[in-house]
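Dropping query10.tsv in here (TSV, C-alpha atoms and all ligand atoms):
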```tsv
chain	number	residue	atom	x	y	z
A	1	MET	CA	2.48	-1.65	8.78
A	2	LYS	CA	4.55	0.21	6.17
A	3	GLN	CA	5.02	3.96	6.57
A	4	ILE	CA	6.58	6.74	4.52
A	5	VAL	CA	6.75	10.49	5.09
A	6	HIS	CA	5.24	12.61	2.31
A	7	GLU	CA	6.25	16.27	2.37
A	8	THR	CA	3.68	18.75	1.05
A	9	PRO	CA	3.61	22.56	1.02
A	10	LYS	CA	0.92	22.24	3.74
A	11	GLY	CA	3.06	20.05	6.02
A	12	ALA	CA	4.25	16.45	6.29
A	13	LEU	CA	1.88	13.50	6.08
A	14	TYR	CA	2.54	9.92	7.07
A	15	LEU	CA	1.31	7.51	4.39
A	16	GLU	CA	0.77	4.16	6.05
A	17	GLY	CA	-0.99	0.83	6.02
A	18	PRO	CA	-2.47	-1.68	6.14
A	19	CYS	CA	-3.88	-0.18	9.37
A	20	ALA	CA	-5.51	-2.22	12.13
A	21	SER	CA	-8.98	-1.12	13.26
A	22	SER	CA	-7.62	-0.54	16.80
A	23	TYR	CA	-5.09	1.91	15.34
A	24	LEU	CA	-7.78	3.71	13.29
A	25	ALA	CA	-9.94	3.97	16.43
A	26	GLU	CA	-7.27	6.16	18.08
A	27	LEU	CA	-7.29	8.68	15.22
A	28	THR	CA	-9.74	11.44	14.31
A	29	MET	CA	-11.14	12.07	10.83
A	30	ASN	CA	-10.53	15.34	9.00
A	31	ASP	CA	-13.96	16.99	8.94
A	32	LYS	CA	-13.84	17.41	5.15
A	33	LEU	CA	-13.68	13.65	4.53
A	34	ASN	CA	-17.36	13.71	3.66
A	35	ASN	CA	-17.45	12.70	-0.01
A	36	PHE	CA	-19.05	9.29	0.54
A	37	ARG	CA	-20.71	9.74	3.96
A	38	PRO	CA	-20.22	11.89	7.08
A	39	PRO	CA	-16.70	11.52	8.55
A	40	ASP	CA	-17.79	9.68	11.74
A	41	LYS	CA	-19.76	7.13	9.68
A	42	GLN	CA	-16.86	6.78	7.26
A	43	LYS	CA	-14.48	6.10	10.16
A	44	GLU	CA	-16.74	3.24	11.30
A	45	ALA	CA	-16.73	1.88	7.72
A	46	LEU	CA	-12.90	2.05	7.61
A	47	LYS	CA	-12.63	0.12	10.91
A	48	MET	CA	-15.10	-2.48	9.67
A	49	ILE	CA	-13.15	-3.00	6.43
A	50	ALA	CA	-9.86	-3.24	8.36
A	51	ASP	CA	-11.38	-6.12	10.35
A	52	LEU	CA	-12.36	-8.13	7.24
A	53	ASP	CA	-10.17	-11.10	6.29
A	54	GLN	CA	-9.36	-9.54	2.93
A	55	GLY	CA	-9.84	-5.91	4.00
A	56	MET	CA	-7.07	-3.31	3.97
A	57	ILE	CA	-7.03	0.38	4.83
A	58	TYR	CA	-4.21	2.71	3.91
A	59	ILE	CA	-4.26	6.25	5.26
A	60	ALA	CA	-2.61	9.63	4.93
A	61	ARG	CA	-2.17	10.91	8.49
A	62	HIS	CA	-1.36	14.35	9.88
A	63	GLU	CA	-0.49	14.05	13.56
A	64	LYS	CA	-3.53	12.19	14.99
A	65	GLU	CA	-5.86	13.06	12.10
A	66	ILE	CA	-6.75	10.98	9.04
A	67	ALA	CA	-6.39	13.27	6.01
A	68	GLY	CA	-7.18	10.66	3.38
A	69	TYR	CA	-7.60	6.94	2.85
A	70	ILE	CA	-7.82	4.10	0.36
A	71	THR	CA	-9.92	0.99	0.99
A	72	PHE	CA	-9.50	-2.56	-0.37
A	73	HIS	CA	-12.04	-5.30	0.25
A	74	PRO	CA	-13.69	-8.30	-1.41
A	75	PRO	CA	-16.25	-7.31	-4.07
A	76	ASP	CA	-19.78	-6.54	-2.92
A	77	ASP	CA	-22.03	-9.60	-2.45
A	78	CYS	CA	-24.42	-8.38	-5.16
A	79	SER	CA	-21.66	-7.84	-7.73
A	80	ARG	CA	-20.71	-10.40	-10.39
A	81	TRP	CA	-17.04	-10.13	-9.35
A	82	VAL	CA	-17.65	-11.69	-5.92
A	83	LYS	CA	-17.68	-15.12	-7.60
A	84	HIS	CA	-14.00	-14.72	-8.56
A	85	PRO	CA	-11.59	-16.06	-5.88
A	86	ARG	CA	-8.74	-13.70	-6.77
A	87	ILE	CA	-10.50	-10.36	-7.20
A	88	MET	CA	-10.03	-7.62	-4.64
A	89	GLU	CA	-11.78	-4.28	-5.03
A	90	LEU	CA	-10.24	-0.89	-4.47
A	91	GLY	CA	-13.47	0.45	-3.04
A	92	GLY	CA	-12.75	4.07	-2.30
A	93	ILE	CA	-10.10	6.72	-2.35
A	94	GLU	CA	-10.64	10.07	-0.70
A	95	ILE	CA	-8.28	12.88	0.22
A	96	SER	CA	-9.63	15.76	2.30
A	97	SER	CA	-9.98	18.96	0.29
A	98	ASP	CA	-7.53	20.47	2.86
A	99	TRP	CA	-4.79	18.27	1.38
A	100	ARG	CA	-5.65	17.88	-2.31
A	101	ARG	CA	-3.35	18.64	-5.26
A	102	CYS	CA	-0.29	17.67	-3.18
A	103	LYS	CA	0.24	14.25	-4.83
A	104	VAL	CA	-1.18	12.52	-1.75
A	105	ALA	CA	-3.55	10.21	-3.68
A	106	GLY	CA	-0.90	9.26	-6.23
A	107	THR	CA	1.77	8.57	-3.61
A	108	LEU	CA	-0.60	6.69	-1.27
A	109	LEU	CA	-1.63	4.44	-4.18
A	110	LYS	CA	2.05	3.66	-4.80
A	111	VAL	CA	2.48	2.73	-1.13
A	112	CYS	CA	-0.50	0.33	-1.39
A	113	PHE	CA	0.75	-1.34	-4.56
A	114	ASN	CA	4.22	-1.80	-3.07
A	115	ASN	CA	2.62	-4.43	-0.83
A	116	PRO	CA	3.80	-7.76	-2.38
A	117	MET	CA	0.42	-9.27	-1.50
A	118	MET	CA	-1.14	-7.21	-4.32
A	119	GLU	CA	0.66	-9.45	-6.83
A	120	ASN	CA	-1.65	-12.35	-5.84
A	121	TYR	CA	-4.78	-10.45	-6.88
A	122	ILE	CA	-6.66	-8.88	-9.73
A	123	VAL	CA	-7.43	-5.51	-8.16
A	124	ILE	CA	-10.45	-3.82	-9.70
A	125	THR	CA	-11.89	-0.37	-9.20
A	126	MET	CA	-15.35	0.72	-10.32
A	127	GLU	CA	-15.25	4.44	-11.03
A	128	ILE	CA	-18.86	5.58	-10.74
A	129	CYS	CA	-19.40	9.22	-11.67
A	130	TRP	CA	-22.06	10.03	-9.09
A	131	HIS	CA	-19.40	9.56	-6.39
A	132	TRP	CA	-17.11	12.18	-7.91
A	133	ASP	CA	-16.54	15.49	-6.16
A	134	THR	CA	-17.04	17.71	-9.21
A	135	ALA	CA	-18.10	20.65	-7.00
A	136	ASN	CA	-14.86	20.99	-5.03
A	137	THR	CA	-12.45	19.88	-7.76
A	138	LYS	CA	-14.11	22.14	-10.36
A	139	LEU	CA	-13.66	19.33	-12.89
A	140	ASP	CA	-16.43	18.33	-15.29
A	141	ILE	CA	-17.15	14.59	-15.37
A	142	TRP	CA	-15.01	13.92	-18.46
A	143	SER	CA	-11.97	15.74	-17.04
A	144	TYR	CA	-12.61	13.96	-13.75
A	145	GLN	CA	-12.71	10.62	-15.58
A	146	ARG	CA	-9.39	11.44	-17.31
A	147	THR	CA	-7.83	12.46	-13.98
A	148	LEU	CA	-8.90	9.21	-12.31
A	149	THR	CA	-7.84	6.92	-15.17
A	150	LYS	CA	-4.42	8.63	-15.16
A	151	LEU	CA	-4.16	8.41	-11.36
A	152	PHE	CA	-4.98	4.68	-11.31
A	153	GLY	CA	-3.04	4.09	-14.54
A	154	ALA	CA	0.13	5.23	-12.75
A	155	VAL	CA	-0.03	2.10	-10.56
A	156	GLY	CA	-0.69	-0.24	-13.50
A	157	MET	CA	-4.49	-0.23	-13.60
A	158	LYS	CA	-6.00	-0.41	-17.08
A	159	ARG	CA	-9.50	0.28	-18.37
A	160	VAL	CA	-11.51	-2.90	-18.83
A	161	PRO	CA	-14.52	-3.16	-21.15
A	162	THR	CA	-17.50	-4.78	-19.46
A	163	ASP	CA	-21.28	-4.93	-19.45
A	164	ASP	CA	-21.42	-4.73	-15.64
A	165	PRO	CA	-24.71	-2.87	-15.08
A	166	ASP	CA	-23.08	-0.44	-12.60
A	167	ILE	CA	-20.58	0.60	-15.26
A	168	ILE	CA	-22.87	0.84	-18.29
A	169	GLU	CA	-25.42	2.87	-16.35
A	170	HIS	CA	-23.49	6.03	-17.29
A	171	PRO	CA	-20.96	6.49	-20.16
A	172	ALA	CA	-18.48	8.23	-17.85
A	173	ASN	CA	-18.27	5.23	-15.50
A	174	VAL	CA	-15.15	3.12	-15.84
A	175	LEU	CA	-13.97	-0.30	-14.68
A	176	MET	CA	-10.19	-0.56	-14.23
A	177	ALA	CA	-8.10	-3.55	-13.21
A	178	ARG	CA	-4.53	-4.45	-12.37
A	179	VAL	CA	-3.46	-8.07	-12.71
A	180	GLY	CA	-0.85	-9.09	-10.15
A	181	THR	CA	2.27	-10.85	-11.41
A	182	ARG	CA	1.41	-14.03	-9.46
A	183	VAL	CA	-2.18	-14.36	-10.76
A	184	HIS	CA	-2.53	-17.75	-12.47
A	185	ASN	CA	-3.67	-18.09	-16.07
A	186	ASN	CA	-6.89	-19.90	-15.08
A	187	ASP	CA	-7.84	-16.99	-12.76
A	188	MET	CA	-7.09	-14.60	-15.60
A	189	ALA	CA	-9.26	-16.68	-17.96
A	190	LEU	CA	-12.09	-16.67	-15.41
A	191	PHE	CA	-11.84	-12.86	-15.17
A	192	GLU	CA	-11.99	-12.60	-18.99
A	193	SER	CA	-15.10	-14.79	-19.04
A	194	MET	CA	-16.82	-12.61	-16.43
A	195	LYS	CA	-16.41	-9.25	-18.18
A	196	PHE	CA	-19.43	-9.74	-20.46
A	197	LYS	CA	-22.46	-11.66	-19.31
A	198	ASN	CA	-24.99	-10.59	-21.91
A	199	ARG	CA	-23.04	-11.06	-25.13
A	200	LEU	CA	-24.47	-14.41	-26.25
A	201	SER	CA	-28.04	-13.47	-25.50
A	202	ASP	CA	-27.54	-10.09	-27.25
A	203	ALA	CA	-26.17	-11.80	-30.37
A	204	SER	CA	-28.97	-14.34	-30.51
A	205	GLY	CA	-31.68	-11.79	-29.83
A	206	LEU	CA	-32.63	-13.63	-26.65
A	207	SER	CA	-32.87	-11.78	-23.36
A	301	LIG	C1	-9.55	12.32	-6.77
A	301	LIG	C2	-8.76	12.63	-5.51
A	301	LIG	C3	-8.57	11.34	-4.70
A	301	LIG	C4	-7.38	13.16	-5.93
A	301	LIG	O1	-6.60	13.35	-4.76
A	301	LIG	P1	-5.30	14.31	-4.75
A	301	LIG	O2	-4.46	13.92	-3.57
A	301	LIG	O3	-5.71	15.71	-4.88
A	301	LIG	O4	-4.58	13.83	-6.09
A	301	LIG	P2	-3.04	14.04	-6.47
A	301	LIG	O5	-2.56	15.35	-5.91
A	301	LIG	O6	-2.26	12.81	-6.12
A	301	LIG	O7	-3.17	14.23	-8.03
A	301	LIG	C5	-3.22	13.14	-8.92
A	301	LIG	C6	-3.35	13.67	-10.32
A	301	LIG	O8	-4.66	14.18	-10.51
A	301	LIG	C7	-4.63	15.53	-10.94
A	301	LIG	N1	-5.69	16.26	-10.25
A	301	LIG	C8	-6.19	16.02	-9.01
A	301	LIG	N2	-7.16	16.92	-8.72
A	301	LIG	C9	-7.26	17.73	-9.80
A	301	LIG	C10	-8.07	18.87	-10.11
A	301	LIG	N3	-8.96	19.34	-9.23
A	301	LIG	N4	-7.92	19.46	-11.31
A	301	LIG	C11	-7.01	19.00	-12.21
A	301	LIG	N5	-6.20	17.92	-11.97
A	301	LIG	C12	-6.33	17.30	-10.79
A	301	LIG	C13	-3.28	16.05	-10.48
A	301	LIG	O9	-2.85	17.13	-11.25
A	301	LIG	C14	-2.40	14.83	-10.61
A	301	LIG	O10	-1.95	14.69	-11.95
A	301	LIG	P3	-0.38	14.72	-12.26
A	301	LIG	O11	0.18	13.49	-11.58
A	301	LIG	O12	-0.35	14.66	-13.74
A	301	LIG	O13	0.12	15.98	-11.65
A	301	LIG	C15	-9.46	13.72	-4.65
A	301	LIG	O14	-9.83	14.80	-5.47
A	301	LIG	C16	-10.69	13.22	-3.92
A	301	LIG	O15	-10.61	12.72	-2.79
A	301	LIG	N6	-11.87	13.34	-4.56
A	301	LIG	C17	-13.15	12.91	-3.93
A	301	LIG	C18	-13.29	11.39	-3.89
A	301	LIG	C19	-13.18	10.77	-5.27
A	301	LIG	O16	-13.57	11.32	-6.28
A	301	LIG	N7	-12.60	9.54	-5.31
A	301	LIG	C20	-12.42	8.82	-6.56
A	301	LIG	C21	-13.57	7.95	-6.86
A	301	LIG	S1	-13.69	6.59	-5.68
```

Using structure tokens, write down the structure from this file.
Ligand SMILES: CC(C)(COP(=O)(O)OP(=O)(O)OC[C@H]1O[C@@H](n2cnc3c(N)ncnc32)[C@H](O)[C@@H]1OP(=O)(O)O)[C@@H](O)C(=O)NCCC(=O)NCCS
Amino acid sequence: MKQIVHETPKGALYLEGPCASSYLAELTMNDKLNNFRPPDKQKEALKMIADLDQGMIYIARHEKEIAGYITFHPPDDCSRWVKHPRIMELGGIEISSDWRRCKVAGTLLKVCFNNPMMENYIVITMEICWHWDTANTKLDIWSYQRTLTKLFGAVGMKRVPTDDPDIIEHPANVLMARVGTRVHNNDMALFESMKFKNRLSDASGLS
């Protein structure tokens, strides 16, 4: 497990990962880590992902408390991307509102992408606006979208056009991807071919 110390005006955080589920089990969750589900449920989800073959959890830790996390896992079974052998999904990033605006998310992302293993994968992230914490951040969805694309852009993720139904459901939703330096051309070509599924039928008027 890699670890760095990140100094913030609110105190020092350890940014570390990939974390084993047994290690996560010893830690508590900050009670404001409730963006996706209640903190105790989210802790169980983090442990479950850490136990997956291709699962990875990175955390920001203050003493024995998890202050934020990033998850990586294979794409969801119902998603089109699951058929690609080299796609890994950055599933969630959350920093407790106690620790926001201290460059924790940006620095933790850099720690994750320093893992050489990332170079073997196309890492995607589906930014879906109904998961965004517009209430606490005081950002409207378009400013939120800009903030996220800049945040993920800083580790080499780029916006990807697609007709994935989860993305086109709302104009603020965004698919981003980072292609690792060791991804083969045929895996890249397969990814290209998967971005649009409905193009031919749209052009021909067939559904
Ligand atoms: C989005 C989120 C992860 C950002 O975490 P954070 O640790 O506060 O982010 P950082 O301090 O690293 O800031 C990253 C950039 O975003 C900007 N930013 C973050 N929050 C902001 C806000 N409320 N208003 C304006 N800019 C903001 C920062 O200014 C920074 O930009 P800079 O590098 O140009 O200075 C955090 O707000 C969060 O957990 N939100 C709820 C979950 C969520 O929306 N996850 C993303 C979808 S899965």

**OP:** May I have the residues within 9 Å of ligand LIG 301 (chain A), computed using only C-alpha atoms and all ligand atoms, as a ChimeraX atom specification?
**Re:** /A:33-36,68-70,90-97,99-109,125-129,131-134,136-139,143-144,146-148,150-152,154

Filtering to C-alpha atoms, could you give me those residues as a short mmCIF file (atom, residue, chain, number, x, y, z; two decimals), in the coordinates of the input?
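Everything below was put into result.cif:
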```cif
data_model
loop_
_atom_site.label_atom_id
_atom_site.label_comp_id
_atom_site.auth_asym_id
_atom_site.auth_seq_id
_atom_site.Cartn_x
_atom_site.Cartn_y
_atom_site.Cartn_z
CA LEU A 33 -13.68 13.65 4.53
CA ASN A 34 -17.36 13.71 3.66
CA ASN A 35 -17.45 12.70 -0.01
CA PHE A 36 -19.05 9.29 0.54
CA GLY A 68 -7.18 10.66 3.38
CA TYR A 69 -7.60 6.94 2.85
CA ILE A 70 -7.82 4.10 0.36
CA LEU A 90 -10.24 -0.89 -4.47
CA GLY A 91 -13.47 0.45 -3.04
CA GLY A 92 -12.75 4.07 -2.30
CA ILE A 93 -10.10 6.72 -2.35
CA GLU A 94 -10.64 10.07 -0.70
CA ILE A 95 -8.28 12.88 0.22
CA SER A 96 -9.63 15.76 2.30
CA SER A 97 -9.98 18.96 0.29
CA TRP A 99 -4.79 18.27 1.38
CA ARG A 100 -5.65 17.88 -2.31
CA ARG A 101 -3.35 18.64 -5.26
CA CYS A 102 -0.29 17.67 -3.18
CA LYS A 103 0.24 14.25 -4.83
CA VAL A 104 -1.18 12.52 -1.75
CA ALA A 105 -3.55 10.21 -3.68
CA GLY A 106 -0.90 9.26 -6.23
CA THR A 107 1.77 8.57 -3.61
CA LEU A 108 -0.60 6.69 -1.27
CA LEU A 109 -1.63 4.44 -4.18
CA THR A 125 -11.89 -0.37 -9.20
CA MET A 126 -15.35 0.72 -10.32
CA GLU A 127 -15.25 4.44 -11.03
CA ILE A 128 -18.86 5.58 -10.74
CA CYS A 129 -19.40 9.22 -11.67
CA HIS A 131 -19.40 9.56 -6.39
CA TRP A 132 -17.11 12.18 -7.91
CA ASP A 133 -16.54 15.49 -6.16
CA THR A 134 -17.04 17.71 -9.21
CA ASN A 136 -14.86 20.99 -5.03
CA THR A 137 -12.45 19.88 -7.76
CA LYS A 138 -14.11 22.14 -10.36
CA LEU A 139 -13.66 19.33 -12.89
CA SER A 143 -11.97 15.74 -17.04
CA TYR A 144 -12.61 13.96 -13.75
CA ARG A 146 -9.39 11.44 -17.31
CA THR A 147 -7.83 12.46 -13.98
CA LEU A 148 -8.90 9.21 -12.31
CA LYS A 150 -4.42 8.63 -15.16
CA LEU A 151 -4.16 8.41 -11.36
CA PHE A 152 -4.98 4.68 -11.31
CA ALA A 154 0.13 5.23 -12.75
#
```

Subject >> Residues within 9 Å of (-10.9, 8.5, 16.1), file coords, only C-alpha atoms, listed as a list of chain:residue names >> reply: A:Tyr23, A:Leu24, A:Ala25, A:Glu26, A:Leu27, A:Thr28, A:Met29, A:Asp40, A:Lys43, A:Lys64, A:Glu65, A:Ile66

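Closest approach to Tyr121 in chain A from the set A:Ser22, A:Thr181, A:Gln42, A:Asn30 is made by A:Thr181, with distances taken over all atoms listed in the file.
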
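Here CA of Tyr58 in chain A stands at a distance of 15.5 Å from CA of Pro74 in chain A.
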
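Take CA of Ile57 in chain A and CA of Trp142 in chain A: the distance between them is 28.1 Å.
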
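Here CA of Val82 in chain A and CA of Arg182 in chain A stand 19.5 Å from one another.
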
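Taking only C-alpha atoms into account, Asn173 in chain A lies nearest to A:Gln145 out of the set A:Ala50, A:Gln145, A:Ala189, A:Phe196.
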
Subject >> Which residue of A:Trp81, A:Phe72, A:Trp130, A:Phe113 approaches Gly156 in chain A most closely, using all atoms listed in the file >> reply: A:Phe113

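Considering the residues A:Arg159, A:Lys47, A:Gln54, A:Val111 and counting all atoms listed in the file, Tyr14 in chain A has its shortest atom-to-atom contact with A:Val111.
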
**OP:** Please provide as a list in words all residues within 12 Å of Val183 in chain A, with the sequence filter that same-chain residues fewer than 3 positions apart are discarded (counting all atoms listed in the file).
**Re:** Pro85, Arg86, Ile87, Met117, Met118, Glu119, Asn120, Tyr121, Ile122, Val123, Arg178, Val179, Gly180, Asn186, Asp187, Met188, Ala189, Leu190 and Phe191 of chain A

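Residue nearest Met88 in chain A within the list A:Cys112, A:Met194, A:Ala177, A:Leu13: A:Ala177 [criterion: smallest interatomic distance, all atoms listed in the file].
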
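When all atoms listed in the file are used to measure the gap to Leu175 in chain A, the shortest distance among A:Asp140, A:Glu89, A:Asp98, A:Asp76 belongs to A:Glu89.
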